[in-house]
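Student: Once you've had a glance at the structure underneath, I'll fire off some questions.
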There are 2 protein chains.
Amino acid sequence: MVPFISLELDRRSTVPLHRQLYEELRSAVLAGRLSPGARLPSTRSLSTDLRISRNTAAGAFDQLLAEGYLEGKVGSGTYVARSLPEDLLYITDAPSGDSRHSVPPATLSRRGAVLASTPVSLSRDAATARAFRPGVPALDAFPRERWARMASRILRHSRAEWLSYGHAAGHRPLRQAIAEYLRAARGVTCSAGQVVVTAGSQQALDLAVRVLLDPGDTAWMEDPGYLGARGALLAAGVRPVPVKVDSEGLSVADGETRAPRARMAYVTPSHQYPLGVTMSLSRRMALLDWARRRQAWIVEDDYDSEFRYSGRPLAALQGLDTANRVIYTGTFSKVLFPALRLGYLVAPEAVVDAFISARALADRHSPALEQALVAEFLSEGHFARHVRRMRALYAERQDALVSAARRELAGLLEVPPAEAGMHLVGWLPKSATDCEVSRRAAAAGVSAPAVSLYALRPPARPGLLLGYAAVNGRQIREGVRKLASTMLDLRL
Amino acid sequence: MVPFISLELDRRSTVPLHRQLYEELRSAVLAGRLSPGARLPSTRSLSTDLRISRNTAAGAFDQLLAEGYLEGKVGSGTYVARSLPEDLLYITDAPSGDSRHSVPPATLSRRGAVLASTPVSLSRDAATARAFRPGVPALDAFPRERWARMASRILRHSRAEWLSYGHAAGHRPLRQAIAEYLRAARGVTCSAGQVVVTAGSQQALDLAVRVLLDPGDTAWMEDPGYLGARGALLAAGVRPVPVKVDSEGLSVADGETRAPRARMAYVTPSHQYPLGVTMSLSRRMALLDWARRRQAWIVEDDYDSEFRYSGRPLAALQGLDTANRVIYTGTFSKVLFPALRLGYLVAPEAVVDAFISARALADRHSPALEQALVAEFLSEGHFARHVRRMRALYAERQDALVSAARRELAGLLEVPPAEAGMHLVGWLPKSATDCEVSRRAAAAGVSAPAVSLYALRPPARPGLLLGYAAVNGRQIREGVRKLASTMLDLRL
């Protein structure tokens with residue numbers, strides 16, 4: 001028997017002693033401090049030496065025997081395995097977390113580098129309600145008590161099979177409820193079979209780009225436009241071509257000039273993000289005509305059309321499409337809450353199976369509980385009721401923002417009211433740099449993202465996005481005051 | 001005023017009358033039955049003619065005015081908009097679902113065609129418990145009552161901000177709980193910062209392939225191997241190279257011969273899927289050495305290592321990696337339940353940010369409720385308790401399957417016991433065609449997927465997968481009897 005190596009066990013550690021012994025012995029083998037063929041002390045003598053129970057020692061040995069580091073010979077004790085190929089024992093120290101930092105940094109693939117560097121702030125920590133972060137609904141007004149009761153009932157009373165794998169396209173009752181809702185409220189022409197439930201609208205965009213475009217393709221992107229859509233294009237190797245947005249929405253003529261061969265157009269016709277324009281009917285027709293002629297695709301992102309305060313919600317572009325070129329996407333993040341992670345897409349029948357396959361390959365399907373909850377919420381009328389309540393609340397909050405801005409920001413920031421949505425655009429004097437103002441405002445505790453942040457080319461006029469849905473009148477007035485003092489400091 | 005077109009409203013329909021009127025008028029405009037400039041009757045006369053309220057008629061008109069189909073002239077009535085570009089009015093009938101089928105089928109991109117045709121049955125409908133469907137846990141043994149209570153408490157008592165957007169890498173307490181669990185139970189070397197919560201292991205594979213590989217790259221794929229992994233590779237434009245699996249697991253030598261320049265190896269070292277082999281230590285070392293020399297990646301899919309019945313669970317390959325080449329993935333689908341849609345990956349620190357960005361671009365993050373639930377389940381010890389209970393239950397069920405097979409299938413199907421997992425492989429006589437037997441079994445009501453289904457090259461021996469975790473003793477015996485009679489019919 002070889003002289004035994006020194007072993008150190010830490011009795012105050014939360015790591016069990018058998019695990020510590022196992023780790024120590026394994027490290028010694030891997031680092032060559034215990035050579036192949038070396039005989040180990042018996043578990044009896046080891047337990048005496050280390051003042052541990054014999055079971056603890058035996059536990060560590062069993063594990064090492066099972067993993068092939070040690071070999072047992074009946075009647076003659078335990079040895080370091082001879083079968084360990086020596087040239088594989090290149091490890092010079094215990095495989096601990098610390099040694100990992102000494103190796104050269106790993107290289108990503110080209111695609112991975114694009115994914116890592118795509119400029120989109122989607123990985124923020126749980127957002128506290130704060131003026132004027134856009135895109136967050138009134139979380140404190142969500143009917144959580146009812147939601148919890150419904151969740152509990154579903155979890156207790158559904159059949160056990162409901163816990164198993166489900167259909168990649170989504171829970172059937174939810175697909176039906178979404179199709180009915182979209183037909184009635186949004187003028188979308190679809191059957192339940194064309195609806196694919198997604199993990200929010202970001203996944204709908206990711207799937208649309210992956211299913212319909214190839215790396216190297218180009219796509220029209222509203223400029224300024226939604227960063228998540230630009231990110232989905234870049235992530236899939238597609239080049240976003242910035243296309244002008246004017247008072248009628250995306251300029252089809254500008255798109256045809258800049259990228260006549262584009263394979264897709266990304267649009268937000270109901271309420272352009274971030275400018276808030278509604279796409280005119282003739283633009284809608286022109287866009288559909290372009291897609292039909294070019295056999296290109298249109299992704300219609302209808303992210304917050306439920307919140308229209310004057311007039312009724314405009315029907316979706318999809319309802320005008322007779323050439324099967326539109327992928328319609330929507331989300332429950334704005335109408336219910338973002339942490340739910342549920343949205344949907346409606347695809348033409350010819351391509352819906354490809355979307356379902358792509359969803360299955362991406363992550364199989366959405367959780368059963370959320371799907372069942374939303375299906376019930378829709379079919380029992382709670383959804384419509386909640387939308388009505390929020391519409392009234394957001395209209396009030398928008399009024400509060402417009403009034404406060406008139407009082408406090410006159411001459412600094414022009415904040416015209418809007419017919420729809422959850423945010424307003426405040427326009428700065430032409431000479432201002434919106435990113436600078438936005439940065440200063442953030443330092444003063446006010447979120448007000450710059451219009452330039454969403455733009456690929458310099459925008460016509462500097463501006464700030466002011467989300468008002470998540471914050472109450474007091475928070476709105478306070479935010480406006482902070483914004484005013486920030487801007488006065490900047491001598492705008 | 002032009003003679004008015006005929007309008008038909010259906011009073012028994014669930015579609016509101018104002019919506020029906022809107023649809024009818026819009027169709028008439030688009031189809032040219034109402035020409036640009038044509039004057040419409042007043043809402044008053046229309047409401048009399050159609051026996052509807054004047055509000056209903058006004059509602060439809062308002063919507064059409066808002067959308068630009070109609071123009072109002074103060075004091076002189078309502079007209080079909082002249083601004084509708086005539087060449088855009090190519091629609092010959094109402095834009096209804098039916099007309100869509102007459103257009104030529106839409107073309108997918110090359111990538112979309114791959115996604116649509118990837119041979120992976122991930123889009124099945126909610127699975128009923130059935131012998132011997134693999135990969136489904138004992139759903140009836142899941143502590144639903146406790147789960148429902150915890151869900152209800154979380155939904156009622158969390159702060160409202162918790163309903164908002166969260167971090168793309170996952171809920172911090174869950175990442176910590178996963179890191180602790182993996183360190184203690186699996187010998188994974190990691191900090192909470194290296195853990196990314198995913199929507200199940202399929203998403204972990206999808207992210208790994210997208211972040212680390214480029215289209216055109218090759219990757220080693222265990223053969224036979226997990227279809228979801230093969231699908232993720234194909235979906236990302238990566239070529240899977242089949243590499244032999246023998247009694248020590250994936251053959252590194254075979255891989256080096258077939259594809260020395262591969263950028264990734266996909267492996268299931270704890271319990272090879274589907275054959276059930278544990279990868280030997282020398283193979284693990286050889287694989288790590290290959291990855292280090294070639295700067296290639298290893299994806300270690302540790303999908304069901306919690307269920308080991310003899311000896312202790314083997315430590316993860318990841319714990320041996322000192323060169324930062326291993327992406328470790330795991331899932332809660334087997335230990336808790338599949339409809340939960342939660343899993344995780346552990347990435348080397350140098351690449352973890354790229355994974356977080358990729359997750360954000362794919363679908364932002366997982367739902368808050370499931371993340372909070374699993375974090376509590378882990379930290380309060382319910383998880384460990386449930387694993388212990390299921391380990392005992394599955395060991396019993398495996399015994400029941402082995403005994404029943406010895407009694408009923410002797411000479412037809414050899415079903416050796418296994419040390420781990422949720423399924424066994426039953427070996428057929430060499431002359432049998434496993435796909436044929438599997439198809440006949442399915443027709444008799446028994447799921448028993450063929451080993452060939454998972455293979456890219458003809459497997460060494462035909463066999464059937466027999467999942468036993470989800471079914472009780474009676475169902476197991478009944479399934480074995482059906483299988484026996486199917487095989488006797490086939491005269492194997």
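Numbering starts fresh at 1 for the residues of each chain in the structure tokens, the chains themselves are lettered A, B, ... in the order given, and ligands are numbered from 1 as they appear.
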Within 6 Å of chain A, which residues of chain B show up when using only C-alpha atoms, listed as a count of residues only?
Tutor: 56
Student: Could you give me the residues within stretch 8-79 of chain B that DSSP places in strand (DSSP E or B), as a ChimeraX atom specification?
Tutor: /B:39,70-73,77-79
Student: Go through A:Tyr303, A:Arg82, A:Ala28, A:Ala372 and flag the residue nearest A:Gly343, using only C-alpha atoms for the distances.
Tutor: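 Nearest to A:Gly343: A:Tyr303.
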Student: I'd like the interatomic distance between atom CA of B:Pro429 and atom CA of B:Arg477, to a tenth of an Å.
Tutor: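 Here the two named atoms are 21.6 Å from each other.
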Student: Using only C-alpha atoms, which residue out of B:Val387, B:Arg133, B:Val346, B:Ser247 lies closest to B:Ala450?
Tutor: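 Comparing B:Val387, B:Arg133, B:Val346, B:Ser247 against B:Ala450, the winner is B:Arg133.
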Student: Do you have the atom CA of B:Ser403-atom CA of B:Leu490 distance handy?
Tutor: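 If I compute the distance from atom CA of B:Ser403 to atom CA of B:Leu490, I get 22.6 Å.
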Student: If you run DSSP over the backbone, which residues in stretch 312-434 of chain A end up helix (DSSP H, G or I)? Put them as a PDB file with N, CA and C atoms, in the first residue's frame.
Tutor:
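What landed in part05.pdb:
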```pdb
ATOM      1  N   LEU A 317     -55.267  44.395 -40.541  1.00  0.00           N
ATOM      2  CA  LEU A 317     -54.810  44.270 -41.932  1.00  0.00           C
ATOM      3  C   LEU A 317     -55.069  42.858 -42.441  1.00  0.00           C
ATOM      4  N   GLN A 318     -54.873  41.882 -41.596  1.00  0.00           N
ATOM      5  CA  GLN A 318     -55.026  40.483 -41.990  1.00  0.00           C
ATOM      6  C   GLN A 318     -56.377  40.225 -42.642  1.00  0.00           C
ATOM      7  N   GLY A 319     -57.427  40.905 -42.143  1.00  0.00           N
ATOM      8  CA  GLY A 319     -58.768  40.682 -42.659  1.00  0.00           C
ATOM      9  C   GLY A 319     -58.947  41.117 -44.108  1.00  0.00           C
ATOM     10  N   LEU A 320     -58.024  41.918 -44.608  1.00  0.00           N
ATOM     11  CA  LEU A 320     -58.083  42.396 -45.997  1.00  0.00           C
ATOM     12  C   LEU A 320     -57.283  41.524 -46.955  1.00  0.00           C
ATOM     13  N   PRO A 338     -47.389  40.667 -18.443  1.00  0.00           N
ATOM     14  CA  PRO A 338     -46.236  40.147 -19.192  1.00  0.00           C
ATOM     15  C   PRO A 338     -45.674  38.824 -18.670  1.00  0.00           C
ATOM     16  N   ALA A 339     -45.680  38.616 -17.340  1.00  0.00           N
ATOM     17  CA  ALA A 339     -45.064  37.415 -16.775  1.00  0.00           C
ATOM     18  C   ALA A 339     -45.838  36.149 -17.123  1.00  0.00           C
ATOM     19  N   LEU A 340     -47.013  36.313 -17.734  1.00  0.00           N
ATOM     20  CA  LEU A 340     -47.816  35.188 -18.201  1.00  0.00           C
ATOM     21  C   LEU A 340     -47.143  34.464 -19.352  1.00  0.00           C
ATOM     22  N   GLU A 349     -53.385  28.925 -43.943  1.00  0.00           N
ATOM     23  CA  GLU A 349     -53.451  27.467 -43.791  1.00  0.00           C
ATOM     24  C   GLU A 349     -52.280  26.744 -44.437  1.00  0.00           C
ATOM     25  N   ALA A 350     -51.786  27.286 -45.542  1.00  0.00           N
ATOM     26  CA  ALA A 350     -50.712  26.598 -46.256  1.00  0.00           C
ATOM     27  C   ALA A 350     -49.424  26.504 -45.449  1.00  0.00           C
ATOM     28  N   VAL A 351     -49.234  27.396 -44.508  1.00  0.00           N
ATOM     29  CA  VAL A 351     -47.965  27.383 -43.767  1.00  0.00           C
ATOM     30  C   VAL A 351     -48.130  27.082 -42.273  1.00  0.00           C
ATOM     31  N   VAL A 352     -49.367  26.897 -41.816  1.00  0.00           N
ATOM     32  CA  VAL A 352     -49.556  26.751 -40.369  1.00  0.00           C
ATOM     33  C   VAL A 352     -48.850  25.505 -39.816  1.00  0.00           C
ATOM     34  N   ASP A 353     -48.810  24.433 -40.581  1.00  0.00           N
ATOM     35  CA  ASP A 353     -48.131  23.224 -40.081  1.00  0.00           C
ATOM     36  C   ASP A 353     -46.634  23.448 -39.898  1.00  0.00           C
ATOM     37  N   ALA A 354     -46.047  24.253 -40.768  1.00  0.00           N
ATOM     38  CA  ALA A 354     -44.620  24.563 -40.606  1.00  0.00           C
ATOM     39  C   ALA A 354     -44.396  25.338 -39.306  1.00  0.00           C
ATOM     40  N   PHE A 355     -45.321  26.239 -38.977  1.00  0.00           N
ATOM     41  CA  PHE A 355     -45.203  26.974 -37.714  1.00  0.00           C
ATOM     42  C   PHE A 355     -45.330  26.028 -36.513  1.00  0.00           C
ATOM     43  N   ILE A 356     -46.228  25.079 -36.614  1.00  0.00           N
ATOM     44  CA  ILE A 356     -46.423  24.141 -35.495  1.00  0.00           C
ATOM     45  C   ILE A 356     -45.176  23.286 -35.303  1.00  0.00           C
ATOM     46  N   SER A 357     -44.601  22.807 -36.402  1.00  0.00           N
ATOM     47  CA  SER A 357     -43.339  22.055 -36.314  1.00  0.00           C
ATOM     48  C   SER A 357     -42.241  22.902 -35.698  1.00  0.00           C
ATOM     49  N   ALA A 358     -42.150  24.139 -36.161  1.00  0.00           N
ATOM     50  CA  ALA A 358     -41.086  25.019 -35.662  1.00  0.00           C
ATOM     51  C   ALA A 358     -41.255  25.269 -34.173  1.00  0.00           C
ATOM     52  N   ARG A 359     -42.496  25.442 -33.733  1.00  0.00           N
ATOM     53  CA  ARG A 359     -42.746  25.628 -32.301  1.00  0.00           C
ATOM     54  C   ARG A 359     -42.319  24.379 -31.534  1.00  0.00           C
ATOM     55  N   ALA A 360     -42.670  23.204 -32.042  1.00  0.00           N
ATOM     56  CA  ALA A 360     -42.306  21.959 -31.365  1.00  0.00           C
ATOM     57  C   ALA A 360     -40.790  21.841 -31.245  1.00  0.00           C
ATOM     58  N   LEU A 361     -40.072  22.219 -32.289  1.00  0.00           N
ATOM     59  CA  LEU A 361     -38.612  22.121 -32.258  1.00  0.00           C
ATOM     60  C   LEU A 361     -37.992  23.205 -31.384  1.00  0.00           C
ATOM     61  N   ALA A 362     -38.667  24.342 -31.263  1.00  0.00           N
ATOM     62  CA  ALA A 362     -38.108  25.423 -30.445  1.00  0.00           C
ATOM     63  C   ALA A 362     -38.254  25.104 -28.959  1.00  0.00           C
ATOM     64  N   ASP A 363     -39.454  24.716 -28.521  1.00  0.00           N
ATOM     65  CA  ASP A 363     -39.649  24.456 -27.091  1.00  0.00           C
ATOM     66  C   ASP A 363     -40.914  23.664 -26.812  1.00  0.00           C
ATOM     67  N   ALA A 368     -49.381  24.174 -19.632  1.00  0.00           N
ATOM     68  CA  ALA A 368     -50.809  23.864 -19.664  1.00  0.00           C
ATOM     69  C   ALA A 368     -51.628  24.820 -18.794  1.00  0.00           C
ATOM     70  N   LEU A 369     -51.109  25.174 -17.625  1.00  0.00           N
ATOM     71  CA  LEU A 369     -51.898  25.962 -16.680  1.00  0.00           C
ATOM     72  C   LEU A 369     -52.286  27.309 -17.274  1.00  0.00           C
ATOM     73  N   GLU A 370     -51.299  28.049 -17.785  1.00  0.00           N
ATOM     74  CA  GLU A 370     -51.574  29.366 -18.341  1.00  0.00           C
ATOM     75  C   GLU A 370     -52.552  29.267 -19.522  1.00  0.00           C
ATOM     76  N   GLN A 371     -52.399  28.236 -20.325  1.00  0.00           N
ATOM     77  CA  GLN A 371     -53.287  28.091 -21.479  1.00  0.00           C
ATOM     78  C   GLN A 371     -54.728  27.867 -21.027  1.00  0.00           C
ATOM     79  N   ALA A 372     -54.901  26.989 -20.038  1.00  0.00           N
ATOM     80  CA  ALA A 372     -56.258  26.712 -19.559  1.00  0.00           C
ATOM     81  C   ALA A 372     -56.858  27.948 -18.885  1.00  0.00           C
ATOM     82  N   LEU A 373     -56.017  28.666 -18.140  1.00  0.00           N
ATOM     83  CA  LEU A 373     -56.479  29.877 -17.465  1.00  0.00           C
ATOM     84  C   LEU A 373     -56.978  30.922 -18.455  1.00  0.00           C
ATOM     85  N   VAL A 374     -56.188  31.184 -19.479  1.00  0.00           N
ATOM     86  CA  VAL A 374     -56.577  32.225 -20.431  1.00  0.00           C
ATOM     87  C   VAL A 374     -57.805  31.798 -21.220  1.00  0.00           C
ATOM     88  N   ALA A 375     -57.889  30.505 -21.554  1.00  0.00           N
ATOM     89  CA  ALA A 375     -59.074  30.018 -22.277  1.00  0.00           C
ATOM     90  C   ALA A 375     -60.333  30.289 -21.449  1.00  0.00           C
ATOM     91  N   GLU A 376     -60.288  29.987 -20.159  1.00  0.00           N
ATOM     92  CA  GLU A 376     -61.449  30.247 -19.296  1.00  0.00           C
ATOM     93  C   GLU A 376     -61.719  31.729 -19.136  1.00  0.00           C
ATOM     94  N   PHE A 377     -60.653  32.480 -18.990  1.00  0.00           N
ATOM     95  CA  PHE A 377     -60.784  33.925 -18.812  1.00  0.00           C
ATOM     96  C   PHE A 377     -61.490  34.547 -20.016  1.00  0.00           C
ATOM     97  N   LEU A 378     -61.148  34.077 -21.203  1.00  0.00           N
ATOM     98  CA  LEU A 378     -61.777  34.568 -22.423  1.00  0.00           C
ATOM     99  C   LEU A 378     -63.226  34.093 -22.501  1.00  0.00           C
ATOM    100  N   SER A 379     -63.442  32.793 -22.310  1.00  0.00           N
ATOM    101  CA  SER A 379     -64.780  32.264 -22.592  1.00  0.00           C
ATOM    102  C   SER A 379     -65.788  32.671 -21.521  1.00  0.00           C
ATOM    103  N   HIS A 382     -64.426  37.297 -18.498  1.00  0.00           N
ATOM    104  CA  HIS A 382     -63.569  38.114 -17.632  1.00  0.00           C
ATOM    105  C   HIS A 382     -62.600  38.950 -18.454  1.00  0.00           C
ATOM    106  N   PHE A 383     -62.189  38.383 -19.564  1.00  0.00           N
ATOM    107  CA  PHE A 383     -61.231  39.066 -20.429  1.00  0.00           C
ATOM    108  C   PHE A 383     -61.834  40.378 -20.944  1.00  0.00           C
ATOM    109  N   ALA A 384     -63.017  40.293 -21.539  1.00  0.00           N
ATOM    110  CA  ALA A 384     -63.663  41.485 -22.100  1.00  0.00           C
ATOM    111  C   ALA A 384     -63.892  42.536 -21.003  1.00  0.00           C
ATOM    112  N   ARG A 385     -64.285  42.066 -19.829  1.00  0.00           N
ATOM    113  CA  ARG A 385     -64.520  42.977 -18.725  1.00  0.00           C
ATOM    114  C   ARG A 385     -63.225  43.682 -18.310  1.00  0.00           C
ATOM    115  N   HIS A 386     -62.163  42.908 -18.246  1.00  0.00           N
ATOM    116  CA  HIS A 386     -60.879  43.489 -17.847  1.00  0.00           C
ATOM    117  C   HIS A 386     -60.396  44.506 -18.891  1.00  0.00           C
ATOM    118  N   VAL A 387     -60.565  44.179 -20.163  1.00  0.00           N
ATOM    119  CA  VAL A 387     -60.169  45.123 -21.216  1.00  0.00           C
ATOM    120  C   VAL A 387     -60.949  46.430 -21.073  1.00  0.00           C
ATOM    121  N   ARG A 388     -62.264  46.319 -20.844  1.00  0.00           N
ATOM    122  CA  ARG A 388     -63.075  47.535 -20.697  1.00  0.00           C
ATOM    123  C   ARG A 388     -62.593  48.371 -19.514  1.00  0.00           C
ATOM    124  N   ARG A 389     -62.329  47.705 -18.397  1.00  0.00           N
ATOM    125  CA  ARG A 389     -61.860  48.440 -17.207  1.00  0.00           C
ATOM    126  C   ARG A 389     -60.521  49.130 -17.491  1.00  0.00           C
ATOM    127  N   MET A 390     -59.612  48.410 -18.126  1.00  0.00           N
ATOM    128  CA  MET A 390     -58.296  48.971 -18.390  1.00  0.00           C
ATOM    129  C   MET A 390     -58.374  50.103 -19.412  1.00  0.00           C
ATOM    130  N   ARG A 391     -59.297  49.967 -20.370  1.00  0.00           N
ATOM    131  CA  ARG A 391     -59.435  51.017 -21.375  1.00  0.00           C
ATOM    132  C   ARG A 391     -59.818  52.332 -20.692  1.00  0.00           C
ATOM    133  N   ALA A 392     -60.766  52.232 -19.758  1.00  0.00           N
ATOM    134  CA  ALA A 392     -61.195  53.437 -19.038  1.00  0.00           C
ATOM    135  C   ALA A 392     -60.043  53.984 -18.186  1.00  0.00           C
ATOM    136  N   LEU A 393     -59.354  53.080 -17.496  1.00  0.00           N
ATOM    137  CA  LEU A 393     -58.253  53.501 -16.626  1.00  0.00           C
ATOM    138  C   LEU A 393     -57.122  54.160 -17.427  1.00  0.00           C
ATOM    139  N   TYR A 394     -56.766  53.548 -18.560  1.00  0.00           N
ATOM    140  CA  TYR A 394     -55.645  54.078 -19.347  1.00  0.00           C
ATOM    141  C   TYR A 394     -56.018  55.414 -19.989  1.00  0.00           C
ATOM    142  N   ALA A 395     -57.305  55.560 -20.359  1.00  0.00           N
ATOM    143  CA  ALA A 395     -57.753  56.846 -20.918  1.00  0.00           C
ATOM    144  C   ALA A 395     -57.561  57.940 -19.869  1.00  0.00           C
ATOM    145  N   GLU A 396     -57.948  57.632 -18.630  1.00  0.00           N
ATOM    146  CA  GLU A 396     -57.742  58.579 -17.522  1.00  0.00           C
ATOM    147  C   GLU A 396     -56.270  58.916 -17.336  1.00  0.00           C
ATOM    148  N   ARG A 397     -55.467  57.866 -17.352  1.00  0.00           N
ATOM    149  CA  ARG A 397     -54.031  58.068 -17.117  1.00  0.00           C
ATOM    150  C   ARG A 397     -53.402  58.871 -18.255  1.00  0.00           C
ATOM    151  N   GLN A 398     -53.853  58.621 -19.479  1.00  0.00           N
ATOM    152  CA  GLN A 398     -53.331  59.421 -20.582  1.00  0.00           C
ATOM    153  C   GLN A 398     -53.701  60.896 -20.389  1.00  0.00           C
ATOM    154  N   ASP A 399     -54.974  61.124 -20.007  1.00  0.00           N
ATOM    155  CA  ASP A 399     -55.417  62.507 -19.746  1.00  0.00           C
ATOM    156  C   ASP A 399     -54.527  63.155 -18.686  1.00  0.00           C
ATOM    157  N   ALA A 400     -54.255  62.396 -17.631  1.00  0.00           N
ATOM    158  CA  ALA A 400     -53.430  62.942 -16.545  1.00  0.00           C
ATOM    159  C   ALA A 400     -52.050  63.314 -17.064  1.00  0.00           C
ATOM    160  N   LEU A 401     -51.508  62.479 -17.925  1.00  0.00           N
ATOM    161  CA  LEU A 401     -50.175  62.754 -18.470  1.00  0.00           C
ATOM    162  C   LEU A 401     -50.199  63.990 -19.364  1.00  0.00           C
ATOM    163  N   VAL A 402     -51.225  64.070 -20.236  1.00  0.00           N
ATOM    164  CA  VAL A 402     -51.307  65.208 -21.153  1.00  0.00           C
ATOM    165  C   VAL A 402     -51.481  66.516 -20.369  1.00  0.00           C
ATOM    166  N   SER A 403     -52.364  66.492 -19.360  1.00  0.00           N
ATOM    167  CA  SER A 403     -52.584  67.722 -18.574  1.00  0.00           C
ATOM    168  C   SER A 403     -51.319  68.134 -17.825  1.00  0.00           C
ATOM    169  N   ALA A 404     -50.687  67.151 -17.171  1.00  0.00           N
ATOM    170  CA  ALA A 404     -49.479  67.472 -16.404  1.00  0.00           C
ATOM    171  C   ALA A 404     -48.396  68.022 -17.340  1.00  0.00           C
ATOM    172  N   ALA A 405     -48.290  67.423 -18.527  1.00  0.00           N
ATOM    173  CA  ALA A 405     -47.265  67.879 -19.467  1.00  0.00           C
ATOM    174  C   ALA A 405     -47.566  69.299 -19.938  1.00  0.00           C
ATOM    175  N   ARG A 406     -48.851  69.597 -20.161  1.00  0.00           N
ATOM    176  CA  ARG A 406     -49.217  70.961 -20.587  1.00  0.00           C
ATOM    177  C   ARG A 406     -48.808  71.974 -19.526  1.00  0.00           C
ATOM    178  N   ARG A 407     -49.054  71.600 -18.275  1.00  0.00           N
ATOM    179  CA  ARG A 407     -48.731  72.498 -17.165  1.00  0.00           C
ATOM    180  C   ARG A 407     -47.235  72.669 -16.977  1.00  0.00           C
ATOM    181  N   GLU A 408     -46.519  71.530 -16.959  1.00  0.00           N
ATOM    182  CA  GLU A 408     -45.133  71.554 -16.487  1.00  0.00           C
ATOM    183  C   GLU A 408     -44.091  71.562 -17.601  1.00  0.00           C
ATOM    184  N   ASP A 434     -32.253  63.384 -28.175  1.00  0.00           N
ATOM    185  CA  ASP A 434     -33.189  62.658 -27.304  1.00  0.00           C
ATOM    186  C   ASP A 434     -32.499  61.638 -26.407  1.00  0.00           C
TER     187      ASP A 434
END
```
Student: Tell me which protein, DNA and RNA residues are within 6 Å of A:Tyr79, counting only C-alpha atoms, leaving out same-chain ones fewer than 5 positions away, and put them as a ChimeraX atom specification.
Tutor: /A:37-40,70-71
